[in-house]
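Text of coords33.pdb, listed as PDB, C-alpha atoms, pLDDT in the B column:
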ATOM      1  CA  MET A 357     -15.316  -3.456   6.397  1.00 87.00           C
ATOM      2  CA  THR A 358     -11.819  -2.052   6.059  1.00 96.00           C
ATOM      3  CA  TYR A 359     -10.622   1.140   7.760  1.00 98.00           C
ATOM      4  CA  TYR A 360     -10.571   2.929   4.403  1.00 98.00           C
ATOM      5  CA  ARG A 361     -13.215   2.173   1.800  1.00 98.00           C
ATOM      6  CA  HIS A 362     -10.518   2.520  -0.854  1.00 98.00           C
ATOM      7  CA  HIS A 363      -6.789   2.667  -0.149  1.00 98.00           C
ATOM      8  CA  VAL A 364      -4.860   3.693  -3.245  1.00 98.00           C
ATOM      9  CA  PHE A 365      -1.107   3.109  -3.530  1.00 98.00           C
ATOM     10  CA  PHE A 366       0.973   4.786  -6.225  1.00 97.00           C
ATOM     11  CA  CYS A 367       4.330   3.187  -6.851  1.00 96.00           C
ATOM     12  CA  THR A 368       6.820   6.064  -6.803  1.00 95.00           C
ATOM     13  CA  ASN A 369       9.888   3.860  -6.826  1.00 91.00           C
ATOM     14  CA  ALA A 370      13.021   4.999  -8.636  1.00 87.00           C
ATOM     15  CA  ARG A 371      15.138   2.076  -9.818  1.00 84.00           C
ATOM     16  CA  ASP A 372      18.877   2.493 -10.176  1.00 84.00           C
ATOM     17  CA  ASP A 373      19.460  -0.585 -12.339  1.00 83.00           C
ATOM     18  CA  GLY A 374      18.402   0.931 -15.661  1.00 79.00           C
ATOM     19  CA  ARG A 375      14.996  -0.805 -15.754  1.00 79.00           C
ATOM     20  CA  GLN A 376      11.946   1.391 -16.235  1.00 81.00           C
ATOM     21  CA  SER A 377      10.633   2.710 -12.951  1.00 85.00           C
ATOM     22  CA  CYS A 378       7.272   4.224 -12.066  1.00 88.00           C
ATOM     23  CA  ASP A 379       8.978   7.330 -10.743  1.00 86.00           C
ATOM     24  CA  GLN A 380      10.058   8.267 -14.284  1.00 86.00           C
ATOM     25  CA  CYS A 381       6.453   8.341 -15.418  1.00 88.00           C
ATOM     26  CA  GLY A 382       5.133  11.161 -13.255  1.00 91.00           C
ATOM     27  CA  ALA A 383       3.796   8.879 -10.522  1.00 94.00           C
ATOM     28  CA  GLN A 384       4.498  11.316  -7.681  1.00 94.00           C
ATOM     29  CA  GLU A 385       2.818  14.169  -9.535  1.00 95.00           C
ATOM     30  CA  MET A 386      -0.233  12.038 -10.339  1.00 96.00           C
ATOM     31  CA  ARG A 387      -0.466  10.862  -6.735  1.00 97.00           C
ATOM     32  CA  ASN A 388      -0.376  14.473  -5.515  1.00 97.00           C
ATOM     33  CA  HIS A 389      -3.055  15.362  -8.027  1.00 97.00           C
ATOM     34  CA  LEU A 390      -5.380  12.528  -6.987  1.00 98.00           C
ATOM     35  CA  LYS A 391      -4.860  13.336  -3.314  1.00 98.00           C
ATOM     36  CA  GLN A 392      -5.754  16.960  -3.942  1.00 98.00           C
ATOM     37  CA  ARG A 393      -8.862  15.981  -5.928  1.00 98.00           C
ATOM     38  CA  ALA A 394     -10.005  13.487  -3.294  1.00 98.00           C
ATOM     39  CA  LYS A 395      -9.584  16.114  -0.580  1.00 97.00           C
ATOM     40  CA  ALA A 396     -11.451  18.721  -2.593  1.00 98.00           C
ATOM     41  CA  LEU A 397     -14.358  16.299  -2.973  1.00 97.00           C
ATOM     42  CA  GLY A 398     -14.360  15.516   0.771  1.00 97.00           C
ATOM     43  CA  LEU A 399     -13.585  11.845   0.197  1.00 97.00           C
ATOM     44  CA  THR A 400     -10.581  11.445   2.477  1.00 97.00           C
ATOM     45  CA  GLY A 401     -10.400  10.055   6.000  1.00 96.00           C
ATOM     46  CA  PRO A 402     -11.588   6.911   7.798  1.00 97.00           C
ATOM     47  CA  GLY A 403     -14.405   5.215   5.930  1.00 97.00           C
ATOM     48  CA  GLY A 404     -13.347   7.118   2.831  1.00 98.00           C
ATOM     49  CA  VAL A 405     -10.388   7.222   0.512  1.00 98.00           C
ATOM     50  CA  GLN A 406      -6.671   7.275   1.368  1.00 98.00           C
ATOM     51  CA  ILE A 407      -4.043   8.028  -1.268  1.00 98.00           C
ATOM     52  CA  SER A 408      -0.534   6.837  -0.387  1.00 97.00           C
ATOM     53  CA  THR A 409       2.787   6.627  -2.135  1.00 97.00           C
ATOM     54  CA  ALA A 410       4.556   3.279  -2.077  1.00 97.00           C
ATOM     55  CA  GLY A 411       7.911   1.735  -2.802  1.00 96.00           C
ATOM     56  CA  CYS A 412       8.227  -0.964  -5.440  1.00 94.00           C
ATOM     57  CA  LEU A 413       4.984  -2.878  -5.987  1.00 96.00           C
ATOM     58  CA  GLY A 414       6.779  -5.574  -7.973  1.00 94.00           C
ATOM     59  CA  ARG A 415       5.158  -4.922 -11.375  1.00 94.00           C
ATOM     60  CA  CYS A 416       7.734  -2.575 -12.895  1.00 90.00           C
ATOM     61  CA  GLU A 417       7.284  -3.878 -16.446  1.00 90.00           C
ATOM     62  CA  LEU A 418       3.688  -2.627 -16.468  1.00 93.00           C
ATOM     63  CA  GLY A 419       4.406   0.711 -14.820  1.00 91.00           C
ATOM     64  CA  PRO A 420       3.495   3.254 -13.866  1.00 95.00           C
ATOM     65  CA  VAL A 421       1.190   1.238 -11.619  1.00 97.00           C
ATOM     66  CA  VAL A 422      -1.338   1.974  -8.940  1.00 98.00           C
ATOM     67  CA  VAL A 423      -3.258  -0.551  -6.860  1.00 98.00           C
ATOM     68  CA  VAL A 424      -6.572  -0.023  -5.101  1.00 98.00           C
ATOM     69  CA  TYR A 425      -7.267  -2.112  -1.988  1.00 98.00           C
ATOM     70  CA  PRO A 426      -9.116  -3.935  -0.501  1.00 98.00           C
ATOM     71  CA  GLU A 427     -10.413  -4.900  -3.937  1.00 97.00           C
ATOM     72  CA  GLY A 428      -6.904  -5.426  -5.319  1.00 98.00           C
ATOM     73  CA  VAL A 429      -7.515  -3.742  -8.655  1.00 98.00           C
ATOM     74  CA  TRP A 430      -4.404  -2.626 -10.559  1.00 98.00           C
ATOM     75  CA  TYR A 431      -4.220   0.238 -13.028  1.00 98.00           C
ATOM     76  CA  THR A 432      -1.736   2.016 -15.177  1.00 97.00           C
ATOM     77  CA  PHE A 433      -2.144   5.635 -16.236  1.00 96.00           C
ATOM     78  CA  VAL A 434      -0.706   8.264 -18.510  1.00 96.00           C
ATOM     79  CA  ASP A 435      -2.157  11.612 -17.536  1.00 96.00           C
ATOM     80  CA  GLN A 436      -4.553  13.507 -15.276  1.00 96.00           C
ATOM     81  CA  GLU A 437      -7.509  12.449 -17.395  1.00 97.00           C
ATOM     82  CA  ASP A 438      -6.781   8.818 -16.561  1.00 98.00           C
ATOM     83  CA  ILE A 439      -6.516   9.692 -12.882  1.00 98.00           C
ATOM     84  CA  GLU A 440      -9.795  11.594 -13.016  1.00 98.00           C
ATOM     85  CA  GLU A 441     -11.497   8.590 -14.602  1.00 98.00           C
ATOM     86  CA  ILE A 442     -10.199   6.295 -11.849  1.00 98.00           C
ATOM     87  CA  LEU A 443     -11.522   8.809  -9.300  1.00 98.00           C
ATOM     88  CA  GLN A 444     -14.935   9.310 -10.859  1.00 98.00           C
ATOM     89  CA  SER A 445     -15.573   5.769 -11.988  1.00 98.00           C
ATOM     90  CA  HIS A 446     -13.843   3.512  -9.462  1.00 98.00           C
ATOM     91  CA  LEU A 447     -13.523   5.560  -6.281  1.00 98.00           C
ATOM     92  CA  LEU A 448     -16.840   7.378  -6.539  1.00 97.00           C
ATOM     93  CA  ALA A 449     -19.093   5.030  -8.517  1.00 97.00           C
ATOM     94  CA  GLY A 450     -17.446   1.695  -7.679  1.00 96.00           C
ATOM     95  CA  LYS A 451     -17.074   0.834 -11.368  1.00 98.00           C
ATOM     96  CA  HIS A 452     -13.668  -0.435 -12.504  1.00 98.00           C
ATOM     97  CA  VAL A 453     -11.990   1.369 -15.392  1.00 98.00           C
ATOM     98  CA  LYS A 454     -11.506  -1.462 -17.862  1.00 98.00           C
ATOM     99  CA  ARG A 455      -9.317   0.401 -20.347  1.00 98.00           C
ATOM    100  CA  LEU A 456      -6.674   1.148 -17.675  1.00 98.00           C
ATOM    101  CA  LYS A 457      -6.929  -2.085 -15.720  1.00 98.00           C
ATOM    102  CA  LEU A 458      -3.963  -4.457 -15.513  1.00 97.00           C
ATOM    103  CA  PRO A 459      -4.301  -8.226 -15.421  1.00 93.00           C
ATOM    104  CA  GLY A 460      -4.399  -9.866 -11.999  1.00 82.00           C
TER     105      GLY A 460
ATOM    106  CA  MET B1158      -8.315 -13.529  -5.953  1.00 87.00           C
ATOM    107  CA  THR B1159      -5.856 -10.673  -5.734  1.00 96.00           C
ATOM    108  CA  TYR B1160      -2.492 -10.570  -7.517  1.00 98.00           C
ATOM    109  CA  TYR B1161      -0.695 -11.026  -4.185  1.00 98.00           C
ATOM    110  CA  ARG B1162      -2.179 -13.249  -1.506  1.00 98.00           C
ATOM    111  CA  HIS B1163      -0.934 -10.762   1.083  1.00 98.00           C
ATOM    112  CA  HIS B1164       0.375  -7.285   0.278  1.00 98.00           C
ATOM    113  CA  VAL B1165       2.033  -5.720   3.304  1.00 98.00           C
ATOM    114  CA  PHE B1166       2.675  -1.979   3.509  1.00 98.00           C
ATOM    115  CA  PHE B1167       4.994  -0.493   6.108  1.00 98.00           C
ATOM    116  CA  CYS B1168       4.559   3.215   6.691  1.00 97.00           C
ATOM    117  CA  THR B1169       8.086   4.653   6.518  1.00 95.00           C
ATOM    118  CA  ASN B1170       6.960   8.256   6.510  1.00 91.00           C
ATOM    119  CA  ALA B1171       9.085  10.912   8.216  1.00 87.00           C
ATOM    120  CA  ARG B1172       7.005  13.854   9.396  1.00 84.00           C
ATOM    121  CA  ASP B1173       8.608  17.280   9.653  1.00 84.00           C
ATOM    122  CA  ASP B1174       5.946  18.845  11.868  1.00 83.00           C
ATOM    123  CA  GLY B1175       7.137  17.408  15.178  1.00 79.00           C
ATOM    124  CA  ARG B1176       4.415  14.747  15.402  1.00 79.00           C
ATOM    125  CA  GLN B1177       5.531  11.171  15.914  1.00 81.00           C
ATOM    126  CA  SER B1178       6.268   9.445  12.638  1.00 85.00           C
ATOM    127  CA  CYS B1179       6.589   5.757  11.809  1.00 88.00           C
ATOM    128  CA  ASP B1180      10.051   6.370  10.378  1.00 86.00           C
ATOM    129  CA  GLN B1181      11.375   7.162  13.880  1.00 86.00           C
ATOM    130  CA  CYS B1182      10.321   3.721  15.103  1.00 88.00           C
ATOM    131  CA  GLY B1183      12.527   1.549  12.932  1.00 91.00           C
ATOM    132  CA  ALA B1184       9.870   0.947  10.256  1.00 94.00           C
ATOM    133  CA  GLN B1185      12.333   0.789   7.371  1.00 94.00           C
ATOM    134  CA  GLU B1186      14.549  -1.676   9.215  1.00 95.00           C
ATOM    135  CA  MET B1187      11.581  -3.883  10.118  1.00 96.00           C
ATOM    136  CA  ARG B1188      10.314  -3.799   6.545  1.00 97.00           C
ATOM    137  CA  ASN B1189      13.722  -4.873   5.261  1.00 97.00           C
ATOM    138  CA  HIS B1190      13.782  -7.652   7.823  1.00 97.00           C
ATOM    139  CA  LEU B1191      10.335  -8.963   6.894  1.00 98.00           C
ATOM    140  CA  LYS B1192      11.174  -8.782   3.188  1.00 98.00           C
ATOM    141  CA  GLN B1193      14.336 -10.797   3.780  1.00 98.00           C
ATOM    142  CA  ARG B1194      12.467 -13.387   5.862  1.00 98.00           C
ATOM    143  CA  ALA B1195       9.669 -13.728   3.303  1.00 98.00           C
ATOM    144  CA  LYS B1196      12.250 -14.199   0.528  1.00 97.00           C
ATOM    145  CA  ALA B1197      14.159 -16.763   2.546  1.00 98.00           C
ATOM    146  CA  LEU B1198      10.959 -18.750   3.034  1.00 97.00           C
ATOM    147  CA  GLY B1199      10.114 -18.568  -0.691  1.00 97.00           C
ATOM    148  CA  LEU B1200       6.900 -16.651  -0.065  1.00 97.00           C
ATOM    149  CA  THR B1201       7.421 -13.710  -2.414  1.00 97.00           C
ATOM    150  CA  GLY B1202       6.076 -13.162  -5.919  1.00 96.00           C
ATOM    151  CA  PRO B1203       2.672 -13.326  -7.630  1.00 97.00           C
ATOM    152  CA  GLY B1204       0.215 -15.425  -5.649  1.00 97.00           C
ATOM    153  CA  GLY B1205       2.441 -14.954  -2.621  1.00 98.00           C
ATOM    154  CA  VAL B1206       3.528 -12.150  -0.385  1.00 98.00           C
ATOM    155  CA  GLN B1207       4.736  -8.665  -1.333  1.00 98.00           C
ATOM    156  CA  ILE B1208       6.344  -6.378   1.232  1.00 98.00           C
ATOM    157  CA  SER B1209       6.312  -2.674   0.285  1.00 97.00           C
ATOM    158  CA  THR B1210       7.213   0.569   1.959  1.00 97.00           C
ATOM    159  CA  ALA B1211       4.601   3.312   1.911  1.00 97.00           C
ATOM    160  CA  GLY B1212       4.220   6.989   2.583  1.00 96.00           C
ATOM    161  CA  CYS B1213       1.825   8.202   5.253  1.00 94.00           C
ATOM    162  CA  LEU B1214      -1.004   5.753   5.920  1.00 96.00           C
ATOM    163  CA  GLY B1215      -2.931   8.343   7.923  1.00 94.00           C
ATOM    164  CA  ARG B1216      -2.761   6.654  11.327  1.00 94.00           C
ATOM    165  CA  CYS B1217       0.323   8.373  12.749  1.00 90.00           C
ATOM    166  CA  GLU B1218      -0.954   8.431  16.334  1.00 90.00           C
ATOM    167  CA  LEU B1219      -0.920   4.615  16.418  1.00 93.00           C
ATOM    168  CA  GLY B1220       2.465   4.218  14.705  1.00 91.00           C
ATOM    169  CA  PRO B1221       4.532   2.517  13.718  1.00 95.00           C
ATOM    170  CA  VAL B1222       1.832   0.930  11.564  1.00 97.00           C
ATOM    171  CA  VAL B1223       1.665  -1.731   8.933  1.00 98.00           C
ATOM    172  CA  VAL B1224      -1.384  -2.787   6.938  1.00 98.00           C
ATOM    173  CA  VAL B1225      -1.997  -6.131   5.256  1.00 98.00           C
ATOM    174  CA  TYR B1226      -4.270  -6.183   2.203  1.00 98.00           C
ATOM    175  CA  PRO B1227      -6.616  -7.382   0.802  1.00 98.00           C
ATOM    176  CA  GLU B1228      -7.860  -8.249   4.284  1.00 97.00           C
ATOM    177  CA  GLY B1229      -7.211  -4.717   5.580  1.00 98.00           C
ATOM    178  CA  VAL B1230      -5.720  -5.783   8.899  1.00 98.00           C
ATOM    179  CA  TRP B1231      -3.628  -3.158  10.702  1.00 98.00           C
ATOM    180  CA  TYR B1232      -0.800  -3.854  13.122  1.00 98.00           C
ATOM    181  CA  THR B1233       1.721  -2.015  15.169  1.00 97.00           C
ATOM    182  CA  PHE B1234       5.052  -3.543  16.173  1.00 96.00           C
ATOM    183  CA  VAL B1235       8.058  -2.982  18.366  1.00 96.00           C
ATOM    184  CA  ASP B1236      10.731  -5.438  17.363  1.00 96.00           C
ATOM    185  CA  GLN B1237      11.723  -8.355  15.140  1.00 96.00           C
ATOM    186  CA  GLU B1238       9.824 -10.776  17.347  1.00 97.00           C
ATOM    187  CA  ASP B1239       6.602  -8.948  16.566  1.00 98.00           C
ATOM    188  CA  ILE B1240       7.425  -9.038  12.855  1.00 98.00           C
ATOM    189  CA  GLU B1241       8.186 -12.757  13.048  1.00 98.00           C
ATOM    190  CA  GLU B1242       4.841 -13.388  14.730  1.00 98.00           C
ATOM    191  CA  ILE B1243       3.014 -11.473  11.976  1.00 98.00           C
ATOM    192  CA  LEU B1244       4.922 -13.572   9.427  1.00 98.00           C
ATOM    193  CA  GLN B1245       4.333 -16.944  11.052  1.00 98.00           C
ATOM    194  CA  SER B1246       0.811 -16.383  12.274  1.00 98.00           C
ATOM    195  CA  HIS B1247      -0.844 -14.072   9.744  1.00 98.00           C
ATOM    196  CA  LEU B1248       1.117 -14.487   6.511  1.00 98.00           C
ATOM    197  CA  LEU B1249       1.787 -18.206   6.814  1.00 97.00           C
ATOM    198  CA  ALA B1250      -1.096 -19.554   8.897  1.00 97.00           C
ATOM    199  CA  GLY B1251      -3.763 -16.944   8.078  1.00 96.00           C
ATOM    200  CA  LYS B1252      -4.379 -16.260  11.758  1.00 98.00           C
ATOM    201  CA  HIS B1253      -4.461 -12.617  12.833  1.00 98.00           C
ATOM    202  CA  VAL B1254      -2.154 -11.534  15.664  1.00 98.00           C
ATOM    203  CA  LYS B1255      -4.623 -10.122  18.143  1.00 98.00           C
ATOM    204  CA  ARG B1256      -2.100  -8.608  20.555  1.00 98.00           C
ATOM    205  CA  LEU B1257      -0.626  -6.384  17.806  1.00 98.00           C
ATOM    206  CA  LYS B1258      -3.803  -5.639  15.916  1.00 98.00           C
ATOM    207  CA  LEU B1259      -5.110  -2.079  15.668  1.00 97.00           C
ATOM    208  CA  PRO B1260      -8.789  -1.201  15.650  1.00 93.00           C
ATOM    209  CA  GLY B1261     -10.463  -0.838  12.239  1.00 82.00           C
TER     210      GLY B1261
END

As structure tokens, how would this structure be written, given the file I've shared?
Amino acid sequence: MTYYRHHVFFCTNARDDGRQSCDQCGAQEMRNHLKQRAKALGLTGPGGVQISTAGCLGRCELGPVVVVYPEGVWYTFVDQEDIEEILQSHLLAGKHVKRLKLPG
Amino acid sequence: MTYYRHHVFFCTNARDDGRQSCDQCGAQEMRNHLKQRAKALGLTGPGGVQISTAGCLGRCELGPVVVVYPEGVWYTFVDQEDIEEILQSHLLAGKHVKRLKLPG
């Protein structure tokens, strides 16, 4: 068993080389939103859910990206509805969100 | 199988509330060092090793902390020798470094 049941990392990297970066796509705002929601539902802390920001996750071309460990499931997202679905389906019910899932 | 064989996250968070933060302990420098070493050894990329920075990982009192997923192994570190041991032992040989390992 891992320290957190689900550890979610939002790439909030801002590239300066002209390539698309997750930061441009509202990643920080969506991370703050998910953190707030997880707290409100009492999911955070050891044995629960941790929501962290991260630097480059190396998958810029598919961004914005988020990865959930230890299962290693990658998602993209557009808006708060997508984030809510990841929360309700994956983090709460353990069911991956196929429509947002990235390969690998 | 996860997209990366090992995904390493260094907490580089700087707290502004007076509590110890990983950022004060050379976390960014150590992350850059490990990234450079992993690149030099040809370990990076899909199927290999990814070294990312991260915001708060929620274990400030044990910092500086680093977590390796998908296995969910947590370490602390002091210097480049510790980082090299994590690289050689854990990332290359798959053997956890007991003397640096954190509980959970």

Worksheet entry | Protein, DNA and RNA residues within 9 Å of (0.5, -1.6, 10.4), all atoms listed in the file, as an MDAnalysis selection string | chainID B and resid 1165:1168 1214 1216 1219:1225 1230:1234 1257:1259

Worksheet entry | For B:Asp1236: contacts at 12 Å, all atoms listed in the file, fewer than 4 positions along chain excluded, given as a ChimeraX atom specification | /B:1182-1188,1190-1191,1221,1240-1243,1257

Kindly provide the residues of chain A that approach chain B to within 10 Å, each paired with its closest atom pair and their distance in Å to one decimal, based on only C-alpha atoms, listed by chain and increasing number, as a tab-separated table.
residue	atom	partner	partner_atom	distance
A:Met357	CA	B:Gly1261	CA	8.0
A:Thr358	CA	B:Gly1229	CA	5.3
A:Tyr359	CA	B:Gly1261	CA	4.9
A:Tyr360	CA	B:Gly1229	CA	8.4
A:Arg361	CA	B:Gly1229	CA	9.9
A:His363	CA	B:Leu1214	CA	8.9
A:Phe365	CA	B:Ala1211	CA	7.9
A:Phe366	CA	B:Ala1211	CA	9.0
A:Cys367	CA	B:Ala1211	CA	8.8
A:Thr368	CA	B:Ala1211	CA	9.4
A:Asn369	CA	B:Thr1210	CA	9.8
A:Thr400	CA	B:Gly1215	CA	9.9
A:Gly401	CA	B:Gly1215	CA	7.9
A:Pro402	CA	B:Gly1215	CA	8.8
A:Gly403	CA	B:Gly1261	CA	9.6
A:Gln406	CA	B:Leu1214	CA	7.4
A:Ile407	CA	B:Leu1214	CA	8.1
A:Ser408	CA	B:Gly1212	CA	5.6
A:Thr409	CA	B:Gly1212	CA	4.9
A:Ala410	CA	B:Ala1211	CA	4.0
A:Gly411	CA	B:Thr1210	CA	5.0
A:Cys412	CA	B:Ser1209	CA	6.3
A:Leu413	CA	B:Ser1209	CA	6.4
A:Gly414	CA	B:Gln1207	CA	7.6
A:Arg415	CA	B:Pro1203	CA	9.5
A:Val424	CA	B:Pro1227	CA	9.4
A:Tyr425	CA	B:Pro1227	CA	6.0
A:Pro426	CA	B:Pro1227	CA	4.5
A:Glu427	CA	B:Pro1227	CA	6.6
A:Gly428	CA	B:Thr1159	CA	5.4
A:Val429	CA	B:Thr1159	CA	7.7
A:Trp430	CA	B:Tyr1160	CA	8.7
A:Pro459	CA	B:Tyr1160	CA	8.4
A:Gly460	CA	B:Tyr1160	CA	4.9

Please produce an output containing C-alpha atoms for each residue in the selection, written as a PDB file, keeping the file's coordinate frame.
ATOM      1  CA  MET A 357     -15.316  -3.456   6.397  1.00 87.00           C
ATOM      2  CA  THR A 358     -11.819  -2.052   6.059  1.00 96.00           C
ATOM      3  CA  TYR A 359     -10.622   1.140   7.760  1.00 98.00           C
ATOM      4  CA  TYR A 360     -10.571   2.929   4.403  1.00 98.00           C
ATOM      5  CA  ARG A 361     -13.215   2.173   1.800  1.00 98.00           C
ATOM      6  CA  HIS A 363      -6.789   2.667  -0.149  1.00 98.00           C
ATOM      7  CA  PHE A 365      -1.107   3.109  -3.530  1.00 98.00           C
ATOM      8  CA  PHE A 366       0.973   4.786  -6.225  1.00 97.00           C
ATOM      9  CA  CYS A 367       4.330   3.187  -6.851  1.00 96.00           C
ATOM     10  CA  THR A 368       6.820   6.064  -6.803  1.00 95.00           C
ATOM     11  CA  ASN A 369       9.888   3.860  -6.826  1.00 91.00           C
ATOM     12  CA  THR A 400     -10.581  11.445   2.477  1.00 97.00           C
ATOM     13  CA  GLY A 401     -10.400  10.055   6.000  1.00 96.00           C
ATOM     14  CA  PRO A 402     -11.588   6.911   7.798  1.00 97.00           C
ATOM     15  CA  GLY A 403     -14.405   5.215   5.930  1.00 97.00           C
ATOM     16  CA  GLN A 406      -6.671   7.275   1.368  1.00 98.00           C
ATOM     17  CA  ILE A 407      -4.043   8.028  -1.268  1.00 98.00           C
ATOM     18  CA  SER A 408      -0.534   6.837  -0.387  1.00 97.00           C
ATOM     19  CA  THR A 409       2.787   6.627  -2.135  1.00 97.00           C
ATOM     20  CA  ALA A 410       4.556   3.279  -2.077  1.00 97.00           C
ATOM     21  CA  GLY A 411       7.911   1.735  -2.802  1.00 96.00           C
ATOM     22  CA  CYS A 412       8.227  -0.964  -5.440  1.00 94.00           C
ATOM     23  CA  LEU A 413       4.984  -2.878  -5.987  1.00 96.00           C
ATOM     24  CA  GLY A 414       6.779  -5.574  -7.973  1.00 94.00           C
ATOM     25  CA  ARG A 415       5.158  -4.922 -11.375  1.00 94.00           C
ATOM     26  CA  VAL A 424      -6.572  -0.023  -5.101  1.00 98.00           C
ATOM     27  CA  TYR A 425      -7.267  -2.112  -1.988  1.00 98.00           C
ATOM     28  CA  PRO A 426      -9.116  -3.935  -0.501  1.00 98.00           C
ATOM     29  CA  GLU A 427     -10.413  -4.900  -3.937  1.00 97.00           C
ATOM     30  CA  GLY A 428      -6.904  -5.426  -5.319  1.00 98.00           C
ATOM     31  CA  VAL A 429      -7.515  -3.742  -8.655  1.00 98.00           C
ATOM     32  CA  TRP A 430      -4.404  -2.626 -10.559  1.00 98.00           C
ATOM     33  CA  PRO A 459      -4.301  -8.226 -15.421  1.00 93.00           C
ATOM     34  CA  GLY A 460      -4.399  -9.866 -11.999  1.00 82.00           C
TER      35      GLY A 460
END

Item to complete: Work out how far apart atom CA of A:Gly404 and atom CA of A:Leu448 are and give it in Å to one decimal.
Response: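 Value for the atom CA of A:Gly404-atom CA of A:Leu448 distance: 10.0 Å.
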
Mind dumping stretch 1217-1228 of chain B from that block, keeping N, CA and C atoms, as a compact mmCIF listing (two decimals), in the first residue's frame?
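That gives us decode-v8.txt:
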# COMPACT_ATOMS: atom_id res chain seq x y z
N CYS B 1217 6.16 17.61 4.83
CA CYS B 1217 7.13 18.65 5.10
C CYS B 1217 8.05 18.32 6.28
N GLU B 1218 7.49 17.71 7.32
CA GLU B 1218 8.26 17.47 8.54
C GLU B 1218 9.39 16.47 8.33
N LEU B 1219 9.34 15.73 7.22
CA LEU B 1219 10.38 14.74 6.92
C LEU B 1219 11.31 15.22 5.81
N GLY B 1220 11.10 16.44 5.34
CA GLY B 1220 11.81 16.95 4.16
C GLY B 1220 13.30 17.15 4.35
N PRO B 1221 14.03 17.26 3.24
CA PRO B 1221 13.50 17.25 1.88
C PRO B 1221 13.06 15.84 1.48
N VAL B 1222 11.97 15.76 0.72
CA VAL B 1222 11.44 14.45 0.32
C VAL B 1222 11.36 14.31 -1.18
N VAL B 1223 11.46 13.06 -1.59
CA VAL B 1223 11.32 12.68 -2.97
C VAL B 1223 10.49 11.40 -2.97
N VAL B 1224 9.63 11.24 -3.96
CA VAL B 1224 8.84 10.02 -4.05
C VAL B 1224 9.02 9.40 -5.42
N VAL B 1225 9.14 8.08 -5.45
CA VAL B 1225 9.32 7.35 -6.70
C VAL B 1225 8.07 6.52 -6.96
N TYR B 1226 7.39 6.82 -8.08
CA TYR B 1226 6.21 6.05 -8.48
C TYR B 1226 6.55 5.22 -9.70
N PRO B 1227 5.84 4.12 -10.00
CA PRO B 1227 4.59 3.71 -9.36
C PRO B 1227 4.77 2.97 -8.04
N GLU B 1228 6.00 2.70 -7.63
CA GLU B 1228 6.18 1.89 -6.43
C GLU B 1228 5.82 2.64 -5.15
